[in-house]
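Novice: The following block contains the structure, expressed as structure tokens.
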Amino acid sequence: MSTSSPGAECTLYHAGHRVHLIQVISASLPRDPRGARIVSIAGGIITVDLDGEERRFRNHATRRLRALVEELGLDVVVDQPRALLKVPLPDLKCFSIADAGKPWHRCRFDQLTQFDSEALAKRSMTHGGFTVPGRLLTARRG
């Protein structure tokens with residue numbers, strides 16, 4: 001099991017972990033966004049009132065979400081087809097959500113070290129996606 005170092009971020013893009021840039025871009029396109037209200041945030045579980053029904057989702061960044069909710073209020077948007085919970089801000093803050101009743105992938109903190117097509121394809125399978133920082137590509141190219 002990988003362990004994190006101070007300041008390290010989870011490297012998974014599975015539901016409930018990091019939000020991929022493509023998800024954020026597509027979040028502005030209507031799919032099935034529904035207004036909801038936060039009921040509670042505790043132990044990595046977010047409970048929302050969605051059309052009078054309490055729904056439970058898992059996310060690994062609930063402290064960040066709690067801070068936003070305390071500052072901005074309990075109203076959020078749930079876009080289940082995209083596995084996103086959106087906090088309505090001028091610049092839209094998205095959190096990836098996973099159904100709390102389904103199996104959970106533990107966070108991983110291993111950094112991407114190989115950038116060939118085979119390694120990136122494998123990373124997509126094991127981590128649900130990847131992001132290659134531009135500075136790393138520039139350093140590799142010389």
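Going by the structure tokens order, chains are called A, B, ..., each with residues numbered from 1, while ligands are numbered from 1 in the order shown.
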Can you pull out every residue within 8 Å of segment 121-129 of chain A, counting only C-alpha atoms, but drop anything in the same chain fewer than 5 positions away, and send it as a PyMOL selection string?

Specialist: chain A and resi 11-14+20

Novice: Neighbouring residues of Ala61 of chain A were defined as those with any atom within 8 Å, considering only C-alpha atoms; residues of the same chain fewer than 6 positions away were excluded. Please report them as an NGL selection string.

Specialist: :A and (17 or 44 or 95)

Novice: Using only C-alpha atoms, can you tell me which of A:Gly134, A:Arg58, A:Pro33, A:Ile38 comes closest to Gln80 of chain A?

Specialist: A:Pro33

Novice: When you draw a straight line from atom CA of Phe130 of chain A to atom CA of Phe57 of chain A, how long is it in Å?

Specialist: 22.8 Å

Novice: Please provide as an NGL selection string all residues within 9 Å of Leu72 of chain A, with the sequence filter that same-chain residues fewer than 5 positions apart are discarded (counting only C-alpha atoms).

Specialist: :A and (67 or 87-89)

Novice: Let's have the selection written as a PDB file, in the first residue's frame, with N, CA, C and O atoms.

Specialist:
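Here's the written file selection_12.pdb:
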ATOM      1  N   ALA A  67     -15.507  22.918   4.515  1.00  0.00           N
ATOM      2  CA  ALA A  67     -15.106  24.329   4.616  1.00  0.00           C
ATOM      3  C   ALA A  67     -15.887  25.191   3.619  1.00  0.00           C
ATOM      4  O   ALA A  67     -16.333  26.293   3.971  1.00  0.00           O
ATOM      5  N   VAL A  87     -20.360  22.608  -6.065  1.00  0.00           N
ATOM      6  CA  VAL A  87     -20.656  23.707  -5.163  1.00  0.00           C
ATOM      7  C   VAL A  87     -20.775  24.946  -6.040  1.00  0.00           C
ATOM      8  O   VAL A  87     -19.836  25.284  -6.761  1.00  0.00           O
ATOM      9  N   PRO A  88     -21.953  25.586  -6.028  1.00  0.00           N
ATOM     10  CA  PRO A  88     -22.146  26.730  -6.921  1.00  0.00           C
ATOM     11  C   PRO A  88     -21.312  27.935  -6.492  1.00  0.00           C
ATOM     12  O   PRO A  88     -21.630  28.618  -5.540  1.00  0.00           O
ATOM     13  N   LEU A  89     -20.228  28.125  -7.189  1.00  0.00           N
ATOM     14  CA  LEU A  89     -19.331  29.260  -7.016  1.00  0.00           C
ATOM     15  C   LEU A  89     -19.233  29.948  -8.370  1.00  0.00           C
ATOM     16  O   LEU A  89     -19.576  29.358  -9.387  1.00  0.00           O
TER      17      LEU A  89
END

Novice: In Å, how far is it from atom CA of Arg108 of chain A to atom CA of Cys10 of chain A?

Specialist: 5.3 Å

Novice: Applying 8 Å and only C-alpha atoms, which residues near Gly35 of chain A remain after dropping the ones on its own chain fewer than 2 positions away? List them as an NGL selection string.

Specialist: :A and (33 or 37 or 50-51 or 75-78)

Novice: Could you save the residues just selected, with N, CA and C atoms, as a compact mmCIF listing (two decimals), in the first residue's frame?

Specialist:
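The result, stored in out14.txt:
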# COMPACT_ATOMS: atom_id res chain seq x y z
N PRO A 33 -28.16 17.34 -13.93
CA PRO A 33 -27.85 17.99 -12.65
C PRO A 33 -29.14 18.23 -11.85
N ARG A 37 -29.28 19.45 -1.11
CA ARG A 37 -28.86 20.19 0.09
C ARG A 37 -28.07 19.22 0.97
N LEU A 50 -31.80 14.87 -1.71
CA LEU A 50 -31.98 14.97 -3.15
C LEU A 50 -33.45 14.68 -3.45
N ASP A 51 -34.21 15.74 -3.68
CA ASP A 51 -35.65 15.60 -3.96
C ASP A 51 -36.38 14.86 -2.84
N ASP A 75 -26.50 24.42 -0.11
CA ASP A 75 -27.03 24.08 -1.43
C ASP A 75 -25.92 23.64 -2.37
N VAL A 76 -26.13 22.50 -3.03
CA VAL A 76 -25.18 21.93 -3.98
C VAL A 76 -25.96 21.39 -5.18
N VAL A 77 -25.23 20.96 -6.19
CA VAL A 77 -25.82 20.31 -7.35
C VAL A 77 -25.19 18.93 -7.47
N VAL A 78 -26.03 17.91 -7.62
CA VAL A 78 -25.54 16.54 -7.79
C VAL A 78 -25.78 16.15 -9.24

Novice: Apply DSSP to the backbone of this structure and, from segment 2-133 of chain A, keep only the residues in helix (DSSP H, G or I); write these as an MDAnalysis selection string.

Specialist: chainID A and resid 21:27 62:72 80:82 117:127
